$ cat query_31.tsv   # TSV, C-alpha atoms
chain	number	residue	atom	x	y	z
A	78	MET	CA	75.40	5.53	23.56
A	79	PRO	CA	78.35	4.14	25.59
A	80	SER	CA	77.61	0.89	27.35
A	81	THR	CA	77.94	2.45	30.83
A	82	ALA	CA	75.46	5.17	29.97
A	83	ARG	CA	73.12	2.60	28.48
A	84	ARG	CA	73.26	0.48	31.63
A	85	ALA	CA	72.67	3.50	33.87
A	86	ALA	CA	69.77	4.73	31.79
A	87	GLY	CA	68.34	1.21	31.70
A	88	ALA	CA	68.43	1.14	35.50
A	89	ALA	CA	67.07	4.64	36.03
A	90	LEU	CA	64.27	4.78	33.50
A	91	PRO	CA	62.29	1.76	34.77
A	92	PHE	CA	62.67	3.12	38.29
A	93	ILE	CA	61.22	6.46	37.21
A	94	ALA	CA	58.56	4.80	35.09
A	95	ALA	CA	57.31	2.91	38.12
A	96	PHE	CA	55.85	6.21	39.23
A	97	GLY	CA	54.43	6.92	35.78
A	98	ALA	CA	52.70	3.60	35.25
A	99	ALA	CA	49.85	5.25	33.46
A	100	VAL	CA	52.32	6.31	30.79
A	101	LEU	CA	53.87	2.92	30.24
A	102	THR	CA	50.79	0.72	30.47
A	103	VAL	CA	49.24	2.37	27.45
A	104	ALA	CA	52.21	2.00	25.14
A	105	GLY	CA	50.02	0.21	22.62
A	106	ALA	CA	47.66	3.14	22.25
A	107	VAL	CA	46.32	4.01	18.84
A	108	ALA	CA	43.63	6.29	17.57
A	109	PRO	CA	40.66	4.70	15.79
A	110	ALA	CA	41.36	3.84	12.19
A	111	GLU	CA	39.64	5.95	9.58
A	112	ALA	CA	36.66	4.32	7.91
A	113	ALA	CA	37.86	2.04	5.13
A	114	PRO	CA	36.58	2.37	1.56
A	115	ALA	CA	33.79	0.13	0.30
A	116	GLY	CA	34.43	-3.35	1.60
A	117	PRO	CA	35.82	-6.32	-0.35
A	118	VAL	CA	34.03	-9.54	-1.22
A	119	PRO	CA	32.95	-10.99	2.17
A	120	VAL	CA	34.64	-14.15	3.44
A	121	LEU	CA	31.45	-16.20	3.22
A	122	GLN	CA	31.00	-15.28	-0.43
A	123	LEU	CA	34.64	-16.19	-1.10
A	124	PHE	CA	34.15	-19.50	0.70
A	125	GLU	CA	31.04	-20.32	-1.31
A	126	ALA	CA	32.78	-19.36	-4.56
A	127	VAL	CA	35.32	-22.21	-4.26
A	128	PRO	CA	34.12	-24.51	-7.04
A	129	GLU	CA	33.28	-28.15	-6.59
A	130	LEU	CA	35.82	-30.47	-8.17
A	131	PRO	CA	34.64	-32.10	-11.41
A	132	ALA	CA	33.58	-35.72	-11.36
A	133	SER	CA	36.01	-37.00	-13.98
A	134	ALA	CA	39.58	-36.64	-15.12
A	135	GLU	CA	38.35	-35.58	-18.58
A	136	ALA	CA	36.43	-32.68	-17.01
A	137	ALA	CA	39.42	-31.79	-14.85
A	138	ALA	CA	41.49	-31.42	-18.02
A	139	THR	CA	39.35	-28.39	-18.95
A	140	TRP	CA	40.48	-26.65	-15.76
A	141	VAL	CA	44.20	-26.56	-16.66
A	142	ASP	CA	46.36	-26.66	-19.76
A	143	LYS	CA	49.06	-29.23	-20.54
A	144	ARG	CA	51.57	-27.35	-18.38
A	145	GLY	CA	49.21	-27.32	-15.40
A	146	THR	CA	48.42	-23.61	-15.73
A	147	LEU	CA	45.01	-22.83	-14.29
A	148	LEU	CA	42.30	-21.97	-16.85
A	149	HIS	CA	39.13	-22.28	-14.76
A	150	PRO	CA	37.40	-18.85	-14.92
A	151	GLY	CA	35.78	-19.19	-11.50
A	152	LEU	CA	39.05	-20.01	-9.76
A	153	LEU	CA	40.90	-17.24	-11.58
A	154	GLN	CA	38.25	-14.70	-10.55
A	155	LEU	CA	38.31	-16.05	-7.02
A	156	ARG	CA	42.08	-15.57	-6.82
A	157	GLU	CA	41.63	-11.93	-7.83
A	158	ALA	CA	38.87	-11.43	-5.27
A	159	MET	CA	41.05	-12.98	-2.56
A	160	ALA	CA	43.92	-10.64	-3.43
A	161	ALA	CA	41.59	-7.61	-3.36
A	162	HIS	CA	40.22	-8.73	0.01
A	163	ARG	CA	43.71	-9.00	1.49
A	164	GLN	CA	44.66	-5.58	0.14
A	165	HIS	CA	41.58	-4.01	1.70
A	166	VAL	CA	42.30	-5.44	5.14
A	167	ALA	CA	46.00	-4.60	4.78
A	168	ARG	CA	45.04	-0.94	4.42
A	169	ILE	CA	43.27	-1.13	7.77
A	170	GLU	CA	46.37	-2.72	9.31
A	171	GLN	CA	48.59	-0.02	7.83
A	172	ALA	CA	46.36	2.73	9.21
A	173	VAL	CA	46.47	1.15	12.67
A	174	ALA	CA	50.26	0.81	12.49
A	175	LEU	CA	50.68	4.43	11.41
A	176	GLN	CA	48.45	5.70	14.20
A	177	GLY	CA	50.27	3.49	16.66
A	178	HIS	CA	53.52	5.11	15.60
A	179	GLN	CA	51.98	8.55	15.98
A	180	GLN	CA	50.70	7.66	19.43
A	181	GLY	CA	54.16	6.48	20.40
A	182	GLN	CA	55.56	9.85	19.40
A	183	VAL	CA	52.89	11.61	21.45
A	184	MET	CA	53.83	9.55	24.49
A	185	VAL	CA	57.54	10.26	24.10
A	186	GLU	CA	56.89	13.98	23.77
A	187	SER	CA	54.57	13.99	26.76
A	188	LEU	CA	56.93	11.92	28.89
A	189	GLN	CA	59.79	14.22	28.00
A	190	GLN	CA	57.70	17.26	28.96
A	191	GLY	CA	56.51	15.59	32.15
A	192	MET	CA	60.03	14.75	33.21
A	193	ALA	CA	61.15	18.30	32.43
A	194	ASP	CA	58.32	19.61	34.61
A	195	VAL	CA	59.76	17.73	37.60
A	196	GLY	CA	63.33	18.76	36.84
A	197	ILE	CA	64.55	15.65	34.98
A	198	ASP	CA	66.43	15.96	31.69
A	199	MET	CA	65.36	12.90	29.67
A	200	GLN	CA	68.17	13.13	27.11
A	201	ARG	CA	70.83	13.55	29.78
A	202	LEU	CA	69.28	10.68	31.70
A	203	GLN	CA	69.95	8.43	28.72
A	204	SER	CA	73.52	9.58	28.12
A	205	ASP	CA	74.97	10.49	31.54
A	206	PRO	CA	75.25	7.55	33.97
A	207	ALA	CA	76.21	9.77	36.91
A	208	TYR	CA	73.15	11.95	36.32
A	209	ALA	CA	70.93	8.87	35.99
A	210	GLN	CA	72.19	7.65	39.37
A	211	GLN	CA	71.48	11.06	40.94
A	212	VAL	CA	67.89	11.00	39.68
A	213	GLN	CA	67.39	7.48	40.94
A	214	ASP	CA	68.78	8.40	44.36
A	215	ARG	CA	66.57	11.48	44.48
A	216	ILE	CA	63.42	9.43	43.93
A	217	ARG	CA	64.47	6.83	46.50
A	218	ARG	CA	64.79	9.53	49.16
A	219	MET	CA	61.20	10.68	48.60
A	220	THR	CA	58.30	9.65	50.80
A	221	PRO	CA	55.52	7.59	49.19
A	222	ALA	CA	53.35	10.71	49.05
A	223	GLU	CA	56.11	12.66	47.32
A	224	GLN	CA	56.65	9.85	44.85
A	225	MET	CA	52.94	9.78	44.06
A	226	ALA	CA	52.90	13.55	43.52
A	227	LEU	CA	55.93	13.23	41.24
A	228	ALA	CA	54.24	10.54	39.17
A	229	GLN	CA	51.06	12.56	38.85
A	230	ARG	CA	52.95	15.62	37.69
A	231	MET	CA	55.01	13.57	35.20
A	232	ASN	CA	51.80	12.08	33.75
A	233	GLN	CA	49.96	15.38	33.56
A	234	PRO	CA	51.10	16.37	30.03
A	235	LEU	CA	50.02	12.99	28.65
A	236	ASN	CA	46.71	13.01	30.49
A	237	GLN	CA	45.95	16.46	29.12
A	238	ASP	CA	47.05	15.72	25.55
A	239	ARG	CA	43.88	15.33	23.51
A	240	ARG	CA	45.77	13.46	20.80
A	241	PHE	CA	46.36	10.55	23.15
A	242	VAL	CA	44.04	7.52	23.32
A	243	ASN	CA	44.23	5.47	26.50
A	244	GLN	CA	44.02	1.90	25.26
A	245	ALA	CA	42.94	0.39	28.55
A	246	GLN	CA	39.96	2.73	28.50
A	247	ALA	CA	39.38	2.22	24.77
A	248	LEU	CA	39.29	-1.55	25.24
A	249	ALA	CA	36.76	-1.28	28.05
A	250	GLU	CA	34.57	1.24	26.23
A	251	ASP	CA	34.71	-0.16	22.69
A	252	ALA	CA	31.34	-0.81	21.07
A	253	PRO	CA	29.80	-4.23	21.85
A	254	HIS	CA	30.05	-5.49	18.24
A	255	PHE	CA	33.79	-4.79	18.20
A	256	ARG	CA	34.28	-6.58	21.51
A	257	ALA	CA	32.19	-9.55	20.34
A	258	ALA	CA	34.15	-9.85	17.11
A	259	ALA	CA	37.48	-9.61	18.91
A	260	GLU	CA	36.44	-12.31	21.40
A	261	ALA	CA	35.24	-14.56	18.56
A	262	GLY	CA	38.51	-13.99	16.72
A	263	GLU	CA	40.54	-14.92	19.75
A	264	ALA	CA	38.46	-18.07	20.28
A	265	TYR	CA	38.89	-18.96	16.60
A	266	ALA	CA	42.65	-18.60	16.91
A	267	GLN	CA	42.74	-20.76	20.02
A	268	ALA	CA	40.75	-23.48	18.25
A	269	GLN	CA	43.15	-23.52	15.28
A	270	PRO	CA	45.29	-26.49	16.45
A	271	GLU	CA	42.18	-28.63	16.84
A	272	ARG	CA	40.89	-27.60	13.39
A	273	PHE	CA	44.23	-28.37	11.79
A	274	ALA	CA	44.36	-31.76	13.50
A	275	ARG	CA	40.93	-32.66	12.09
A	276	GLN	CA	42.00	-31.57	8.63
A	277	ARG	CA	45.24	-33.56	8.80
A	278	ALA	CA	43.30	-36.65	9.81
A	279	LEU	CA	40.78	-36.15	7.02
A	280	TRP	CA	43.44	-35.78	4.33
A	281	ALA	CA	45.59	-38.59	5.68
A	282	GLU	CA	42.56	-40.86	5.34
A	283	ALA	CA	41.89	-39.60	1.82
A	284	GLU	CA	45.49	-39.99	0.64
A	285	ALA	CA	45.63	-43.49	2.11
A	286	ALA	CA	42.60	-44.34	-0.03
A	287	VAL	CA	44.32	-42.76	-3.05
A	288	GLU	CA	47.39	-44.91	-2.47
A	289	ARG	CA	45.26	-48.06	-2.36
A	290	VAL	CA	43.77	-47.16	-5.73
A	291	ARG	CA	47.20	-46.46	-7.19
A	292	THR	CA	48.55	-49.84	-6.12
A	293	LYS	CA	45.77	-51.79	-7.85
A	294	LYS	CA	47.10	-53.66	-10.84
A	295	LEU	CA	45.56	-52.56	-14.12
A	296	GLU	CA	44.60	-55.31	-16.59
A	297	PRO	CA	44.61	-54.02	-20.18
A	298	GLY	CA	44.15	-57.53	-21.58
A	299	LEU	CA	47.35	-57.33	-23.61
A	300	PRO	CA	50.93	-57.94	-22.56
A	301	LYS	CA	53.24	-54.97	-22.33
A	302	PRO	CA	55.74	-55.02	-25.20
A	303	ARG	CA	59.18	-56.12	-24.05
A	304	MET	CA	61.15	-53.47	-25.92
A	305	GLU	CA	60.64	-49.87	-24.86
A	306	TRP	CA	58.81	-47.74	-27.40
A	307	ASP	CA	61.62	-45.15	-27.61
A	308	ASN	CA	64.31	-47.80	-28.11
A	309	PRO	CA	66.00	-47.36	-31.53
A	310	GLY	CA	65.38	-51.04	-32.15
A	311	CYS	CA	61.60	-50.74	-31.78
A	312	ASP	CA	60.45	-51.36	-35.38
A	313	ARG	CA	57.00	-50.90	-36.91
A	314	ALA	CA	55.72	-54.14	-35.46
A	315	CYS	CA	56.98	-53.12	-32.04
A	316	GLN	CA	55.39	-49.71	-32.35
A	317	GLY	CA	52.13	-51.31	-33.49
A	318	ALA	CA	52.17	-53.51	-30.39
A	319	TRP	CA	52.68	-50.40	-28.28
A	320	ASP	CA	49.81	-48.62	-29.99
A	321	ALA	CA	47.49	-51.53	-29.29
A	322	TYR	CA	48.68	-51.73	-25.69
A	323	ALA	CA	48.22	-47.98	-25.19
A	324	ALA	CA	44.70	-48.11	-26.62
A	325	ARG	CA	43.79	-50.61	-23.91
A	326	LEU	CA	45.75	-49.12	-21.00
A	327	LEU	CA	45.06	-45.40	-21.47
A	328	PRO	CA	41.33	-45.60	-20.63
A	329	LEU	CA	42.20	-47.59	-17.51
A	330	LEU	CA	44.71	-44.94	-16.41
A	331	ILE	CA	42.18	-42.18	-16.95
A	332	ALA	CA	39.51	-44.14	-15.08
A	333	ARG	CA	41.96	-44.56	-12.19
A	334	ASP	CA	42.64	-40.83	-12.20
A	335	SER	CA	38.89	-40.21	-12.11
A	336	GLU	CA	38.54	-42.56	-9.13
A	337	ILE	CA	41.33	-40.72	-7.30
A	338	LEU	CA	39.69	-37.42	-8.18
A	339	GLN	CA	36.43	-38.64	-6.65
A	340	ILE	CA	38.22	-39.52	-3.42
A	341	ARG	CA	39.71	-36.04	-3.20
A	342	ARG	CA	36.39	-34.49	-4.22
A	343	THR	CA	34.71	-36.22	-1.29
A	344	ALA	CA	37.52	-35.14	1.05
A	345	LEU	CA	37.11	-31.53	-0.07
A	346	GLN	CA	33.37	-31.73	0.54
A	347	ARG	CA	34.05	-32.95	4.08
A	348	HIS	CA	36.72	-30.28	4.56
A	349	ARG	CA	34.25	-27.57	3.49
A	350	ALA	CA	31.57	-28.96	5.78
A	351	GLN	CA	33.96	-28.75	8.75
A	352	LEU	CA	34.60	-25.07	8.03
A	353	ALA	CA	31.13	-23.88	7.01
A	354	ALA	CA	29.73	-22.88	10.41
A	355	ASP	CA	32.97	-21.15	11.48
A	356	ILE	CA	33.21	-19.17	8.22
A	357	LYS	CA	29.58	-18.05	8.53
A	358	ALA	CA	30.21	-16.85	12.08
A	359	ALA	CA	33.38	-15.05	11.04
A	360	ASP	CA	31.57	-13.38	8.16
A	361	ARG	CA	28.89	-11.99	10.49
A	362	HIS	CA	31.46	-10.49	12.85
A	363	LEU	CA	33.74	-9.14	10.14
A	364	LEU	CA	30.93	-7.44	8.23
A	365	ALA	CA	29.46	-5.99	11.44
A	366	THR	CA	32.81	-4.36	12.30
A	367	SER	CA	33.99	-3.47	8.77
A	368	TYR	CA	37.02	-5.67	9.47
A	369	GLY	CA	37.96	-3.68	12.58
A	370	ALA	CA	37.88	-0.22	11.00
A	371	GLY	CA	36.38	2.29	13.42
A	372	SER	CA	37.27	0.42	16.61
A	373	ARG	CA	39.00	2.63	19.17
A	374	SER	CA	40.86	-0.35	20.64
A	375	SER	CA	44.08	-1.47	18.97
A	376	VAL	CA	43.76	-4.82	20.77
A	377	ASN	CA	40.31	-5.40	19.29
A	378	GLN	CA	41.43	-4.23	15.87
A	379	GLN	CA	44.36	-6.64	15.85
A	380	ARG	CA	42.17	-9.55	16.91
A	381	ILE	CA	39.54	-8.75	14.27
A	382	VAL	CA	42.13	-8.39	11.51
A	383	GLY	CA	43.68	-11.67	12.69
A	384	TYR	CA	40.23	-13.27	12.59
A	385	ASP	CA	39.88	-12.26	8.95
A	386	ALA	CA	43.39	-13.48	8.10
A	387	ALA	CA	42.69	-16.89	9.64
A	388	ALA	CA	39.39	-17.29	7.77
A	389	ILE	CA	41.02	-16.22	4.48
A	390	ALA	CA	43.85	-18.72	5.06
A	391	GLU	CA	41.30	-21.53	5.42
A	392	ILE	CA	39.68	-20.52	2.14
A	393	GLN	CA	43.07	-20.30	0.45
A	394	THR	CA	43.80	-23.87	1.54
A	395	LEU	CA	40.57	-25.04	-0.08
A	396	ILE	CA	41.45	-23.21	-3.29
A	397	GLU	CA	44.92	-24.72	-3.42
A	398	ARG	CA	43.70	-28.25	-2.72
A	399	THR	CA	40.97	-27.89	-5.34
A	400	ALA	CA	43.35	-26.61	-8.01
A	401	GLU	CA	45.99	-29.22	-7.21
A	402	ALA	CA	43.50	-32.10	-7.32
A	403	ALA	CA	42.25	-30.96	-10.72
A	404	ARG	CA	45.80	-30.47	-11.98
A	405	ASN	CA	46.83	-33.99	-10.93
A	406	ALA	CA	43.72	-35.57	-12.46
A	407	ALA	CA	44.31	-33.84	-15.79
A	408	VAL	CA	47.86	-35.04	-16.43
A	409	THR	CA	47.10	-38.34	-18.19
A	410	VAL	CA	44.24	-36.87	-20.21
A	411	HIS	CA	46.51	-34.13	-21.51
A	412	CYS	CA	49.39	-36.55	-22.16
A	413	GLY	CA	47.22	-39.04	-23.98
A	414	LYS	CA	49.01	-42.02	-25.49
A	415	GLN	CA	52.37	-40.54	-24.54
A	416	ALA	CA	51.59	-41.36	-20.87
A	417	VAL	CA	51.78	-45.02	-21.85
A	418	LEU	CA	54.47	-44.97	-24.49
A	419	VAL	CA	57.01	-42.88	-22.52
A	420	PRO	CA	55.56	-42.60	-18.98
A	421	MET	CA	58.59	-40.89	-17.42
A	422	ALA	CA	58.85	-38.19	-20.13
A	423	VAL	CA	57.38	-34.72	-19.79
A	424	CYS	CA	54.23	-34.53	-21.88
A	425	SER	CA	54.19	-31.97	-24.65

$ encode --input "query_31.tsv" --output "structure tokens"
Amino acid sequence: MPSTARRAAGAALPFIAAFGAAVLTVAGAVAPAEAAPAGPVPVLQLFEAVPELPASAEAAATWVDKRGTLLHPGLLQLREAMAAHRQHVARIEQAVALQGHQQGQVMVESLQQGMADVGIDMQRLQSDPAYAQQVQDRIRRMTPAEQMALAQRMNQPLNQDRRFVNQAQALAEDAPHFRAAAEAGEAYAQAQPERFARQRALWAEAEAAVERVRTKKLEPGLPKPRMEWDNPGCDRACQGAWDAYAARLLPLLIARDSEILQIRRTALQRHRAQLAADIKAADRHLLATSYGAGSRSSVNQQRIVGYDAAAIAEIQTLIERTAEAARNAAVTVHCGKQAVLVPMAVCS
């Protein structure tokens, strides 16, 4: 469209739409989503399935292989359940989006018919600036009563179209459990900055404690050999000294890793405790509404789906922190003596 026509249409259409407010204020209308298939694993069950970190670095080494690849059956199953949960809710979102698109088409068709009924060519209005100005001038010359009658006649096709769902009405008339879930979801979203601040403080405290443990000097009771183990000049005697040194230092390194793991284990327990009540509340609302499926209100559906996404994100954070803590604790155990002999090398 030429820029002049675009400017003219941009000026005329809002002017006309002022008298068809009922058309434009429901632009987010959607029909209720079809009932979703059997639901996924509920968020509370996912939350409770996050395993407790092991108590020692040796136990953590059974969770991952030498490359850090996750082996823990519970965590692997949980990852699959999380993915299935997201896919289920995504199908609800896709159905809502599709119906929203269909409702938009209904509104365009109805508006076009309504404008034709009052003698306005919608396509010409968008492409002919002179015509757009004529229509605007015509409406300005009308009395308030005439303008009201024009608006009512323009809206008539939409109001009579049984395919159309008025979202303002749908929001007001949605079932109480949908409204309650949507309100809880909105409140949960609003409380997110405060939750994140608590979590940051918790983990900053934990990592500060980890750093204090890391800075403690380990005392193997033997001096560290002066020549590096991988130096070509390190003879059998040198290598023997390294073996003796490693035999003393390695248990201390693993014990330190276990101590660090315990700090993170405690932090994860506190993190879970902070979330428990909120996840239980979310689970009640999400199960009661089948994750928003069946609600006639697109606003409520979006809030409920967002509620689920926020709860799942919290669980995902717990999973990632749990896996990472186990992975870090297992490194020295998997490396064994090599962690002492060549500490900067990649263990194999």

$ residues_around --input "query_31.tsv" --residues "A:His348" --least-positions-apart "6" --cutoff "9 Å" --atoms "all atoms listed in the file" --output "ChimeraX atom specification"
/A:275-276,279-280,395

$ atom_distance --input "query_31.tsv" --atom1 "atom CA of A:Cys311" --atom2 "atom CA of A:Leu330"
23.6 Å

$ atom_distance --input "query_31.tsv" --atom1 "atom CA of A:Ala252" --atom2 "atom CA of A:Gln233"
27.7 Å

$ residues_around --input "query_31.tsv" --residues "A:Pro117" --least-positions-apart "2" --cutoff "12 Å" --atoms "all atoms listed in the file" --output "PyMOL selection string"
chain A and resi 113-115+119-123+157-168+360+363-364+367-368+385

$ atom_distance --input "query_31.tsv" --atom1 "atom CA of A:Cys412" --atom2 "atom CA of A:Leu153"
23.6 Å

$ closest_residue --input "query_31.tsv" --among "A:Glu391, A:Ala268, A:Glu282, A:Glu305" --to "A:Met421" --atoms "only C-alpha atoms"
A:Glu305

$ closest_residue --input "query_31.tsv" --among "A:Ala402, A:Ala354, A:Ala209, A:Leu148" --to "A:Ala283" --atoms "only C-alpha atoms"
A:Ala402

$ residues_around --input "query_31.tsv" --residues "A:Val417" --least-positions-apart "2" --cutoff "9 Å" --atoms "only C-alpha atoms" --output "number ranges by chain"
A: 319, 322-323, 326-327, 330, 409, 412-415, 419-420

$ write_last_selection --input "query_31.tsv" --atoms "C-alpha atoms" --output "compact mmCIF listing (two decimals), in the coordinates of the input"
# COMPACT_ATOMS: atom_id res chain seq x y z
CA TRP A 319 52.68 -50.40 -28.28
CA TYR A 322 48.68 -51.73 -25.69
CA ALA A 323 48.22 -47.98 -25.19
CA LEU A 326 45.75 -49.12 -21.00
CA LEU A 327 45.06 -45.40 -21.47
CA LEU A 330 44.71 -44.94 -16.41
CA THR A 409 47.10 -38.34 -18.19
CA CYS A 412 49.39 -36.55 -22.16
CA GLY A 413 47.22 -39.04 -23.98
CA LYS A 414 49.01 -42.02 -25.49
CA GLN A 415 52.37 -40.54 -24.54
CA VAL A 419 57.01 -42.88 -22.52
CA PRO A 420 55.56 -42.60 -18.98

$ axis_aligned_box --input "query_31.tsv" --around "stretch 145-155 of chain A" --padding-each-side "5 Å" --output "lines of an AutoDock Vina configuration file"
center_x = 42.5
center_y = -21.0
center_z = -11.9
size_x = 23.4
size_y = 22.6
size_z = 19.8

$ residues_around --input "query_31.tsv" --residues "A:Ala365" --least-positions-apart "5" --cutoff "10 Å" --atoms "all atoms listed in the file" --output "ChimeraX atom specification"
/A:254-255,257-258,359-360

$ residues_near_point --input "query_31.tsv" --point "(40.0, -20.4, -13.4)" --cutoff "12 Å" --atoms "only C-alpha atoms" --output "list in words"
Ala126, Val127, Pro128, Ala137, Thr139, Trp140, Val141, Asp142, Gly145, Thr146, Leu147, Leu148, His149, Pro150, Gly151, Leu152, Leu153, Gln154, Leu155, Arg156, Glu157, Ile396, Glu397, Thr399, Ala400, Ala403 and Arg404 of chain A

$ write_last_selection --input "query_31.tsv" --atoms "C-alpha atoms" --output "compact mmCIF listing (two decimals), in the coordinates of the input"
# COMPACT_ATOMS: atom_id res chain seq x y z
CA ALA A 126 32.78 -19.36 -4.56
CA VAL A 127 35.32 -22.21 -4.26
CA PRO A 128 34.12 -24.51 -7.04
CA ALA A 137 39.42 -31.79 -14.85
CA THR A 139 39.35 -28.39 -18.95
CA TRP A 140 40.48 -26.65 -15.76
CA VAL A 141 44.20 -26.56 -16.66
CA ASP A 142 46.36 -26.66 -19.76
CA GLY A 145 49.21 -27.32 -15.40
CA THR A 146 48.42 -23.61 -15.73
CA LEU A 147 45.01 -22.83 -14.29
CA LEU A 148 42.30 -21.97 -16.85
CA HIS A 149 39.13 -22.28 -14.76
CA PRO A 150 37.40 -18.85 -14.92
CA GLY A 151 35.78 -19.19 -11.50
CA LEU A 152 39.05 -20.01 -9.76
CA LEU A 153 40.90 -17.24 -11.58
CA GLN A 154 38.25 -14.70 -10.55
CA LEU A 155 38.31 -16.05 -7.02
CA ARG A 156 42.08 -15.57 -6.82
CA GLU A 157 41.63 -11.93 -7.83
CA ILE A 396 41.45 -23.21 -3.29
CA GLU A 397 44.92 -24.72 -3.42
CA THR A 399 40.97 -27.89 -5.34
CA ALA A 400 43.35 -26.61 -8.01
CA ALA A 403 42.25 -30.96 -10.72
CA ARG A 404 45.80 -30.47 -11.98

$ closest_residue --input "query_31.tsv" --among "A:Ala406, A:Met304, A:Leu202, A:Val195" --to "A:Glu336" --atoms "all atoms listed in the file"
A:Ala406

$ closest_residue --input "query_31.tsv" --among "A:Met225, A:Arg230, A:Ala332, A:Ala138" --to "A:Gly196" --atoms "all atoms listed in the file"
A:Arg230

$ residues_around --input "query_31.tsv" --residues "A:Glu296" --least-positions-apart "3" --cutoff "10 Å" --atoms "only C-alpha atoms" --output "JSON, numbers by chain"
{"A": [293, 299, 300, 325, 326, 329]}

$ closest_residue --input "query_31.tsv" --among "A:Ala370, A:Val287, A:Ile169, A:Met219" --to "A:Arg342" --atoms "only C-alpha atoms"
A:Val287

$ residues_near_point --input "query_31.tsv" --point "(36.3, -10.0, 22.5)" --cutoff "10 Å" --atoms "only C-alpha atoms" --output "JSON, numbers by chain"
{"A": [248, 251, 253, 254, 255, 256, 257, 258, 259, 260, 261, 262, 263, 264, 376, 377, 380, 381]}

$ decode --input "query_31.tsv" --residues "stretch 389-418 of chain A" --atoms "C-alpha atoms" --output "PDB file, in the first residue's frame"
ATOM      1  CA  ILE A 389       7.822 -26.151  35.696  1.00  0.00           C
ATOM      2  CA  ALA A 390      10.685 -23.639  35.396  1.00  0.00           C
ATOM      3  CA  GLU A 391      11.191 -23.761  39.172  1.00  0.00           C
ATOM      4  CA  ILE A 392      11.357 -27.552  39.058  1.00  0.00           C
ATOM      5  CA  GLN A 393      13.760 -27.418  36.119  1.00  0.00           C
ATOM      6  CA  THR A 394      16.067 -25.175  38.155  1.00  0.00           C
ATOM      7  CA  LEU A 395      16.098 -27.730  40.970  1.00  0.00           C
ATOM      8  CA  ILE A 396      16.903 -30.511  38.510  1.00  0.00           C
ATOM      9  CA  GLU A 397      19.761 -28.561  36.954  1.00  0.00           C
ATOM     10  CA  ARG A 398      21.261 -27.575  40.305  1.00  0.00           C
ATOM     11  CA  THR A 399      20.989 -31.151  41.549  1.00  0.00           C
ATOM     12  CA  ALA A 400      22.651 -32.626  38.466  1.00  0.00           C
ATOM     13  CA  GLU A 401      25.383 -29.984  38.419  1.00  0.00           C
ATOM     14  CA  ALA A 402      26.207 -30.446  42.110  1.00  0.00           C
ATOM     15  CA  ALA A 403      26.531 -34.204  41.620  1.00  0.00           C
ATOM     16  CA  ARG A 404      28.601 -33.716  38.467  1.00  0.00           C
ATOM     17  CA  ASN A 405      31.039 -31.377  40.249  1.00  0.00           C
ATOM     18  CA  ALA A 406      31.371 -33.685  43.251  1.00  0.00           C
ATOM     19  CA  ALA A 407      32.172 -36.678  41.050  1.00  0.00           C
ATOM     20  CA  VAL A 408      35.107 -35.203  39.135  1.00  0.00           C
ATOM     21  CA  THR A 409      37.932 -36.116  41.524  1.00  0.00           C
ATOM     22  CA  VAL A 410      36.517 -39.566  42.251  1.00  0.00           C
ATOM     23  CA  HIS A 411      36.406 -40.347  38.544  1.00  0.00           C
ATOM     24  CA  CYS A 412      39.858 -38.860  37.923  1.00  0.00           C
ATOM     25  CA  GLY A 413      41.447 -40.715  40.796  1.00  0.00           C
ATOM     26  CA  LYS A 414      45.205 -40.312  41.175  1.00  0.00           C
ATOM     27  CA  GLN A 415      45.357 -38.342  37.934  1.00  0.00           C
ATOM     28  CA  ALA A 416      43.659 -35.412  39.741  1.00  0.00           C
ATOM     29  CA  VAL A 417      46.813 -35.123  41.837  1.00  0.00           C
ATOM     30  CA  LEU A 418      49.470 -36.076  39.335  1.00  0.00           C
TER      31      LEU A 418
END
